[in-house]
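S.K.: Got structure.tsv for you, TSV, C-alpha atoms:
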chain	number	residue	atom	x	y	z
F	1	MET	CA	65.57	-18.77	40.68
F	2	THR	CA	68.42	-21.25	40.47
F	3	ALA	CA	69.41	-23.50	37.63
F	4	ARG	CA	70.89	-26.81	38.70
F	5	PRO	CA	73.41	-28.75	36.64
F	6	PRO	CA	71.61	-31.46	34.70
F	7	ALA	CA	73.98	-34.11	36.07
F	8	ARG	CA	72.60	-33.74	39.57
F	9	PHE	CA	69.08	-33.85	38.28
F	10	VAL	CA	69.67	-37.03	36.33
F	11	ARG	CA	71.37	-38.65	39.29
F	12	GLN	CA	68.41	-37.87	41.52
F	13	PHE	CA	65.91	-39.39	39.16
F	14	ALA	CA	68.15	-42.42	38.81
F	15	LEU	CA	67.16	-43.11	42.43
F	16	THR	CA	63.60	-43.59	41.29
F	17	GLY	CA	64.31	-45.65	38.20
F	18	GLY	CA	63.81	-42.52	36.13
F	19	ARG	CA	60.25	-41.87	37.16
F	20	ALA	CA	59.15	-38.44	38.23
F	21	ARG	CA	56.18	-39.79	40.09
F	22	SER	CA	55.03	-42.93	41.77
F	23	SER	CA	51.95	-44.73	40.54
F	24	GLY	CA	48.72	-43.10	41.63
F	25	ALA	CA	48.01	-39.48	42.47
F	26	PRO	CA	50.97	-37.40	43.66
F	27	LEU	CA	51.25	-37.26	47.44
F	28	PRO	CA	50.83	-33.83	49.01
F	29	PHE	CA	54.07	-32.46	50.47
F	30	GLU	CA	52.71	-32.64	54.02
F	31	THR	CA	51.89	-36.37	53.76
F	32	LEU	CA	53.27	-38.15	56.82
F	33	ILE	CA	55.10	-41.46	56.78
F	34	GLN	CA	55.99	-43.85	59.57
F	35	THR	CA	58.24	-46.89	59.45
F	36	THR	CA	56.54	-50.29	59.71
F	37	PRO	CA	57.97	-53.31	61.60
F	38	GLN	CA	58.80	-54.80	58.17
F	39	GLY	CA	60.71	-51.64	57.29
F	40	ARG	CA	62.66	-51.83	60.52
F	41	SER	CA	63.65	-55.46	60.02
F	42	ALA	CA	64.57	-54.92	56.35
F	43	TYR	CA	66.77	-51.92	57.24
F	44	ALA	CA	70.15	-53.58	56.59
F	45	THR	CA	69.10	-54.76	53.13
F	46	LEU	CA	67.86	-51.41	51.84
F	47	THR	CA	69.46	-48.90	49.48
F	48	PRO	CA	71.00	-45.91	51.28
F	49	GLU	CA	68.04	-43.64	50.46
F	50	TRP	CA	65.42	-46.16	51.55
F	51	ALA	CA	67.41	-46.93	54.70
F	52	ALA	CA	67.65	-43.22	55.52
F	53	ILE	CA	63.87	-42.86	55.13
F	54	VAL	CA	63.22	-45.93	57.30
F	55	ARG	CA	65.42	-44.37	59.97
F	56	MET	CA	63.74	-40.96	59.74
F	57	GLY	CA	60.30	-42.57	59.82
F	58	GLU	CA	60.75	-43.95	63.34
F	59	SER	CA	58.57	-41.01	64.32
F	60	PRO	CA	56.11	-39.49	61.85
F	61	ILE	CA	57.75	-37.23	59.32
F	62	SER	CA	56.51	-35.50	56.18
F	63	VAL	CA	57.55	-35.94	52.58
F	64	ALA	CA	58.71	-32.30	52.64
F	65	GLU	CA	61.04	-32.96	55.58
F	66	ILE	CA	62.43	-36.10	53.94
F	67	SER	CA	63.17	-34.05	50.85
F	68	ALA	CA	64.92	-31.33	52.87
F	69	HIS	CA	66.95	-33.70	55.05
F	70	LEU	CA	68.10	-35.91	52.17
F	71	HIS	CA	68.69	-32.94	49.84
F	72	ILE	CA	66.52	-34.45	47.16
F	73	HIS	CA	63.78	-32.78	45.17
F	74	LEU	CA	60.26	-33.04	46.47
F	75	GLY	CA	59.23	-35.02	43.41
F	76	VAL	CA	61.95	-37.58	44.07
F	77	ALA	CA	61.01	-37.87	47.74
F	78	ARG	CA	57.43	-38.47	46.67
F	79	VAL	CA	58.37	-41.31	44.36
F	80	LEU	CA	60.64	-42.97	46.94
F	81	VAL	CA	57.94	-42.80	49.59
F	82	GLY	CA	55.29	-44.16	47.23
F	83	ASP	CA	57.47	-47.12	46.31
F	84	MET	CA	58.37	-47.81	49.94
F	85	GLU	CA	54.73	-47.89	50.93
F	86	HIS	CA	54.12	-50.34	48.09
F	87	ALA	CA	56.86	-52.52	49.62
F	88	ASP	CA	55.21	-52.25	53.09
F	89	LEU	CA	58.32	-50.59	54.54
F	90	ILE	CA	56.42	-47.52	55.67
F	91	SER	CA	52.83	-46.47	56.31
F	92	ILE	CA	51.45	-43.32	54.76
F	93	PHE	CA	49.10	-40.88	56.49
F	94	ALA	CA	47.77	-38.62	53.80
F	95	PRO	CA	45.70	-35.54	54.57
F	96	ILE	CA	41.95	-36.07	54.39
F	97	VAL	CA	40.66	-33.34	52.18
F	98	SER	CA	37.69	-32.68	50.01
F	99	GLU	CA	37.60	-30.18	47.19
F	100	ASN	CA	37.08	-27.43	49.77
F	101	GLY	CA	39.92	-28.39	52.09
F	102	PRO	CA	39.87	-30.31	55.38
F	103	ASP	CA	36.47	-31.31	56.76
F	104	THR	CA	34.86	-29.49	59.67
F	105	ALA	CA	35.68	-32.16	62.27
F	106	LEU	CA	39.38	-31.88	61.46
F	107	LEU	CA	39.21	-28.09	61.54
F	108	GLU	CA	37.50	-28.17	64.95
F	109	ARG	CA	40.18	-30.50	66.27
F	110	LEU	CA	42.88	-28.23	64.89
F	111	LEU	CA	41.30	-25.20	66.54
F	112	HIS	CA	41.18	-26.91	69.95
F	113	GLU	CA	44.76	-28.06	69.65
F	114	LEU	CA	46.00	-24.62	68.61
F	115	GLU	CA	44.17	-22.97	71.50
F	116	ALA	CA	45.79	-25.44	73.88
F	117	LEU	CA	49.27	-24.82	72.44
L	118	MET	CA	42.09	-39.81	77.10
L	119	SER	CA	41.64	-36.96	79.52
L	120	LEU	CA	39.12	-37.50	82.28
L	121	LYS	CA	38.94	-33.84	83.13
L	122	LEU	CA	35.37	-32.60	83.34
L	123	SER	CA	34.83	-29.39	81.47
L	124	ASP	CA	32.42	-26.61	82.23
L	125	PRO	CA	29.72	-26.91	79.56
L	126	ALA	CA	29.40	-23.12	79.49
L	127	ALA	CA	33.06	-22.78	78.57
L	128	THR	CA	34.55	-23.99	75.31
L	129	PRO	CA	32.64	-26.72	73.50
L	130	ALA	CA	33.86	-30.26	74.11
L	131	PRO	CA	36.70	-31.28	71.83
L	132	PRO	CA	35.56	-33.39	68.91
L	133	PRO	CA	36.03	-37.11	69.42
L	134	SER	CA	39.41	-38.43	68.40
L	135	GLY	CA	39.50	-41.30	65.96
L	136	LEU	CA	40.17	-39.09	63.01
L	137	GLY	CA	43.63	-40.63	63.08
L	138	MET	CA	47.06	-39.13	62.61
L	139	ARG	CA	46.72	-36.45	59.99
L	140	PRO	CA	48.95	-33.78	58.56
L	141	MET	CA	47.42	-30.38	57.96
L	142	LYS	CA	48.91	-27.31	56.39
L	143	ILE	CA	48.56	-23.56	56.31
L	144	VAL	CA	50.04	-21.42	53.57
L	145	VAL	CA	51.96	-18.28	54.57
L	146	ALA	CA	51.92	-15.75	51.73
L	147	GLY	CA	52.70	-12.10	51.17
L	148	GLY	CA	55.01	-9.81	49.30
L	149	PHE	CA	58.78	-9.83	49.42
L	150	ALA	CA	60.11	-9.10	52.93
L	151	ALA	CA	56.62	-8.93	54.45
L	152	GLY	CA	57.75	-11.33	57.18
L	153	LYS	CA	56.80	-14.81	55.89
L	154	THR	CA	59.98	-16.48	57.09
L	155	THR	CA	59.84	-14.63	60.40
L	156	PHE	CA	56.25	-15.79	60.95
L	157	VAL	CA	57.09	-19.45	60.20
L	158	ASP	CA	60.20	-19.22	62.37
L	159	ALA	CA	58.23	-17.83	65.34
L	160	LEU	CA	55.89	-20.82	65.32
L	161	SER	CA	57.92	-23.76	64.07
L	162	GLU	CA	59.27	-26.30	66.54
L	163	ILE	CA	62.01	-27.19	64.07
L	164	THR	CA	64.45	-24.82	62.44
L	165	PRO	CA	62.56	-23.97	59.27
L	166	LEU	CA	63.67	-26.16	56.40
L	167	THR	CA	64.13	-25.43	52.74
L	168	THR	CA	63.47	-27.91	50.02
L	169	GLU	CA	63.45	-27.75	46.28
L	170	ALA	CA	61.07	-28.89	43.63
L	171	PRO	CA	62.01	-28.99	39.99
L	172	MET	CA	59.58	-26.84	38.04
L	173	THR	CA	59.28	-29.34	35.25
L	174	SER	CA	58.02	-32.35	37.16
L	175	VAL	CA	55.80	-30.41	39.50
L	176	ALA	CA	54.38	-28.18	36.83
L	177	LEU	CA	53.79	-30.75	34.19
L	178	GLY	CA	53.60	-34.00	36.10
L	179	VAL	CA	55.91	-35.62	33.60
L	180	ASP	CA	56.48	-39.30	34.18
L	181	ASN	CA	58.84	-40.11	31.39
L	182	ALA	CA	62.53	-40.34	32.20
L	183	GLY	CA	63.77	-39.19	28.79
L	184	GLU	CA	61.49	-36.23	28.85
L	185	VAL	CA	62.58	-35.17	32.33
L	186	SER	CA	66.28	-35.35	31.69
L	187	THR	CA	66.15	-33.14	28.63
L	188	LYS	CA	64.15	-30.32	30.20
L	189	THR	CA	65.59	-27.20	31.74
L	190	THR	CA	66.04	-28.00	35.40
L	191	THR	CA	64.87	-24.85	37.06
L	192	THR	CA	63.99	-25.37	40.67
L	193	VAL	CA	61.82	-23.48	43.10
L	194	ALA	CA	62.75	-23.33	46.78
L	195	LEU	CA	60.14	-23.80	49.49
L	196	ASP	CA	60.54	-22.87	53.14
L	197	PHE	CA	58.45	-24.61	55.75
L	198	GLY	CA	58.09	-25.27	59.43
L	199	ARG	CA	56.24	-27.75	61.65
L	200	ILE	CA	54.12	-27.66	64.79
L	201	THR	CA	53.26	-30.96	66.47
L	202	LEU	CA	49.91	-30.22	68.08
L	203	SER	CA	49.17	-33.69	69.41
L	204	ASP	CA	50.05	-37.28	68.64
L	205	GLN	CA	47.39	-36.97	65.95
L	206	THR	CA	47.97	-33.62	64.33
L	207	MET	CA	51.06	-32.26	62.68
L	208	LEU	CA	50.59	-28.80	61.28
L	209	TYR	CA	52.90	-27.63	58.51
L	210	LEU	CA	53.41	-24.00	57.58
L	211	PHE	CA	54.54	-23.47	54.01
L	212	GLY	CA	55.88	-20.13	52.87
L	213	THR	CA	54.94	-19.36	49.28
L	214	PRO	CA	57.72	-18.86	46.79
L	215	GLY	CA	57.88	-15.59	44.87
L	216	GLN	CA	54.93	-14.74	42.71
L	217	ASP	CA	54.56	-14.63	38.92
L	218	ARG	CA	56.25	-17.68	37.55
L	219	PHE	CA	55.53	-19.89	40.53
L	220	TRP	CA	51.75	-20.04	40.51
L	221	PHE	CA	51.85	-23.77	39.86
L	222	MET	CA	53.54	-24.16	43.22
L	223	TRP	CA	50.88	-22.05	44.91
L	224	ASP	CA	48.33	-24.46	43.44
L	225	GLU	CA	50.21	-27.41	44.85
L	226	LEU	CA	50.56	-25.80	48.28
L	227	SER	CA	46.98	-24.61	48.46
L	228	ARG	CA	45.41	-27.94	47.58
L	229	GLY	CA	43.98	-29.30	50.82
L	230	ALA	CA	45.27	-26.40	52.92
L	231	VAL	CA	43.30	-25.13	55.91
L	232	GLY	CA	43.81	-21.67	54.44
L	233	ALA	CA	46.34	-18.91	54.16
L	234	VAL	CA	47.84	-16.12	56.22
L	235	VAL	CA	48.63	-13.18	53.93
L	236	LEU	CA	51.30	-11.07	55.60
L	237	VAL	CA	51.30	-7.40	54.73
L	238	ASP	CA	53.85	-4.67	55.20
L	239	THR	CA	51.53	-1.67	55.44
L	240	ARG	CA	54.20	0.57	53.92
L	241	ARG	CA	53.91	-1.49	50.74
L	242	LEU	CA	50.28	-2.55	50.67
L	243	GLY	CA	50.23	-3.26	46.96
L	244	ASP	CA	52.71	-6.12	47.35
L	245	CYS	CA	50.01	-8.35	48.79
L	246	PHE	CA	47.44	-7.83	46.03
L	247	PRO	CA	48.49	-10.85	43.96
L	248	ALA	CA	48.24	-13.13	47.01
L	249	ILE	CA	44.82	-11.80	47.99
L	250	ASP	CA	43.54	-12.13	44.42
L	251	TYR	CA	44.87	-15.67	44.28
L	252	PHE	CA	43.09	-16.89	47.44
L	253	GLU	CA	39.96	-14.86	46.77
L	254	ASN	CA	39.54	-16.25	43.25
L	255	ARG	CA	39.91	-19.82	44.48
L	256	SER	CA	37.68	-19.42	47.54
L	257	ILE	CA	40.52	-20.45	49.85
L	258	PRO	CA	39.98	-19.09	53.39
L	259	TYR	CA	42.57	-16.46	54.28
L	260	ILE	CA	43.26	-13.72	56.76
L	261	VAL	CA	45.26	-10.56	56.24
L	262	ALA	CA	47.91	-10.01	58.93
L	263	CYS	CA	49.54	-6.59	58.97
L	264	ASN	CA	53.04	-7.15	60.28
L	265	SER	CA	53.64	-4.48	62.89
L	266	PHE	CA	57.39	-4.14	62.57
L	267	ASN	CA	58.62	-2.84	65.93
L	268	GLY	CA	55.04	-2.38	67.07
L	269	GLN	CA	54.49	0.24	64.38
L	270	LEU	CA	51.81	0.21	61.72
L	271	SER	CA	51.74	2.99	59.17
L	272	HIS	CA	47.97	2.49	58.71
L	273	ASP	CA	45.40	1.09	61.08
L	274	VAL	CA	43.72	-2.19	60.24
L	275	ASN	CA	40.39	-0.62	59.30
L	276	GLU	CA	42.12	1.56	56.74
L	277	VAL	CA	43.94	-1.48	55.44
L	278	HIS	CA	40.71	-3.48	55.23
L	279	GLU	CA	39.16	-0.74	53.15
L	280	ALA	CA	42.23	-0.13	51.01
L	281	LEU	CA	42.57	-3.80	50.13
L	282	ALA	CA	38.85	-4.05	49.34
L	283	VAL	CA	38.64	-7.54	50.80
L	284	PRO	CA	35.19	-8.86	51.78
L	285	VAL	CA	33.99	-7.71	55.21
L	286	ASP	CA	34.05	-11.23	56.67
L	287	VAL	CA	37.79	-11.65	55.96
L	288	PRO	CA	39.70	-10.99	59.20
L	289	VAL	CA	42.25	-8.18	58.92
L	290	LEU	CA	44.45	-7.87	61.99
L	291	ALA	CA	47.76	-6.50	63.17
L	292	LEU	CA	50.40	-8.78	64.59
L	293	ASP	CA	54.12	-8.85	65.21
L	294	ALA	CA	55.36	-11.78	63.13
L	295	ARG	CA	58.32	-12.26	65.49
L	296	ASN	CA	56.03	-12.90	68.44
L	297	ARG	CA	54.99	-16.52	68.85
L	298	ALA	CA	51.80	-15.77	70.79
L	299	ALA	CA	50.76	-13.19	68.23
L	300	ALA	CA	51.54	-15.51	65.33
L	301	LYS	CA	49.59	-18.30	67.04
L	302	GLY	CA	46.68	-15.89	67.48
L	303	GLY	CA	46.77	-15.33	63.73
L	304	LEU	CA	46.51	-19.05	63.04
L	305	ILE	CA	43.56	-19.35	65.43
L	306	ARG	CA	41.75	-16.52	63.63
L	307	LEU	CA	42.35	-18.27	60.33
L	308	VAL	CA	41.01	-21.63	61.54
L	309	GLN	CA	37.95	-19.94	63.08
L	310	HIS	CA	37.37	-18.17	59.79
L	311	ALA	CA	37.71	-21.43	57.84
L	312	ILE	CA	35.17	-23.11	60.14
L	313	ARG	CA	32.73	-20.20	59.77
L	314	ARG	CA	33.07	-20.40	56.03
L	315	ARG	CA	32.31	-24.12	56.18
L	316	HIS	CA	29.17	-23.55	58.23
L	317	ALA	CA	28.07	-20.73	55.94
L	318	ALA	CA	28.49	-23.00	52.94
L	319	GLY	CA	26.31	-25.59	54.66
Show the structure stored in the file as structure tokens.
M.R.:
Amino acid sequence: MTARPPARFVRQFALTGGRARSSGAPLPFETLIQTTPQGRSAYATLTPEWAAIVRMGESPISVAEISAHLHIHLGVARVLVGDMEHADLISIFAPIVSENGPDTALLERLLHELEAL
Amino acid sequence: MSLKLSDPAATPAPPPSGLGMRPMKIVVAGGFAAGKTTFVDALSEITPLTTEAPMTSVALGVDNAGEVSTKTTTTVALDFGRITLSDQTMLYLFGTPGQDRFWFMWDELSRGAVGAVVLVDTRRLGDCFPAIDYFENRSIPYIVACNSFNGQLSHDVNEVHEALAVPVDVPVLALDARNRAAAKGGLIRLVQHAIRRRHAAG
């Protein structure tokens, strides 16, 4: 259990305009993002955080990894990613889940891929 | 696409692709020092990462700046690893944070998860009870993996199965969490169990 100085916390949420979540339902931590062609061409014009995410998203990467690599809280990473998708800079690949978890077709695919690992 | 012809008597044909690129996740739970980090480390293709979530925003879903900045900023650390299984599937393994005060984070991690691997140190069986109760009460598929430190188990898996009083269909197995093949075998058992549960539920 660690307590962080409030200053750092405030600074992080300043990155998101003060919001703790993007519009819509919160993205699961494992949600993948990938940079779009628009994101790539806008790179030079972006804020440092958005630019870093565009660079990381050249190959698919999760919200959790973005949070770890940029040393920002998961909630902040979620908001940044949500806003960047809204701006068409990245695409989002969210998990497909029902109330009971992933559907059977996805589980079967996962099983085959694990067995082949 | 592979053109390899498979023996129909062998494994069933892989399901058609077209499900798209999808992340999936498995939760790795257990008592303190039961081997969660070791298990994730054995399987992850990346050095396991740690990230932090502030308890306030995750727990309460606050969306008001003033409210956030005045709350106590306790954070909870999460360790995770990744396995790229194909160009379509990325599997994430999330270690659960300590119990008690962090149940909200267990909820967040369990939502949409394939299931959970509950690691058990058989010398301290009781440590895994909260995790088993958690997954059992929420009908989340899980397996119990007795971590055989140095190949040693202080109880055999049948004794453990009985002592934990988990339903008979829940796989209870022994594995060495440091061993990648063994850890992978644990994940396979979990996914098979999750599929069986799906079929049983209709």
S.K.: At most 12 Å from (41.8, -18.1, 59.7), file frame, all atoms listed in the file: which residues, as an MDAnalysis selection string?
M.R.: (chainID F and resid 107 110:111 114) or (chainID L and resid 143:145 230:235 257:262 286:290 300:315)
S.K.: Counting all atoms listed in the file, which residue out of L:Ala299, L:Ala294, L:Met222, L:Ala159 sits closest to F:Pro28?
M.R.: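 Among the listed residues, the smallest separation from F:Pro28 belongs to L:Met222.
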S.K.: Would you work out the distance separating atom CA of F:Glu113 from atom CA of L:Phe197, expressed in Å to one decimal?
M.R.: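 Between atom CA of F:Glu113 and atom CA of L:Phe197 the gap is 19.8 Å.
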S.K.: What does the distance between atom CA of F:Pro37 and atom CA of F:Glu85 come to in Å, to one decimal place?
M.R.: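 Distance between the two atoms: 12.4 Å.
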S.K.: Could you tell me how far atom CA of L:Ala291 sits from atom CA of L:Pro140, in Å to one decimal place?
M.R.: 27.7 Å
S.K.: Closest to chain F among L:Gln269, L:Ser256, L:Asn264, L:Thr168, using all atoms listed in the file?
M.R.: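 For chain F, the nearest of the candidates is L:Thr168.
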S.K.: I'd like to know which of F:Glu58, F:Asp103, F:Glu108, F:Glu65 is closest to F:Arg78, using all atoms listed in the file.
M.R.: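 Comparing F:Glu58, F:Asp103, F:Glu108, F:Glu65 against F:Arg78, the winner is F:Glu65.
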S.K.: Write out as a ChimeraX atom specification each polymer residue whose atoms come within 10 Å of stretch 201-208 of chain L, counting all atoms listed in the file; drop sequence neighbours fewer than 3 positions from it.
M.R.: /F:30-32,60-62,106,109-110,112-117 /L:134-143,161-163,198,211,231
S.K.: Find, counting all atoms listed in the file, the residue in L:Ile249, L:Val274, L:Val283, L:Ala298 that gets nearest to chain F.
M.R.: L:Ala298
S.K.: Please determine, counting all atoms listed in the file, which residue among L:Gly152, L:Gly147, L:Pro247, L:Pro214 has the shortest atom-to-atom distance to chain F.
M.R.: L:Pro214
S.K.: Find, counting all atoms listed in the file, the residue in L:His278, L:Arg241, L:His272, L:His316 that gets nearest to chain F.
M.R.: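 Closest residue, counting all atoms listed in the file: L:His316.
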S.K.: Excluding F:Asp88 and its own-chain neighbours fewer than 3 positions away, which residues fall within 8 Å of it when counting all atoms listed in the file? Please give them as a list in words.
M.R.: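 The filter keeps Thr36, Gln38, Gly39, Met84, Glu85 and Ser91 of chain F.
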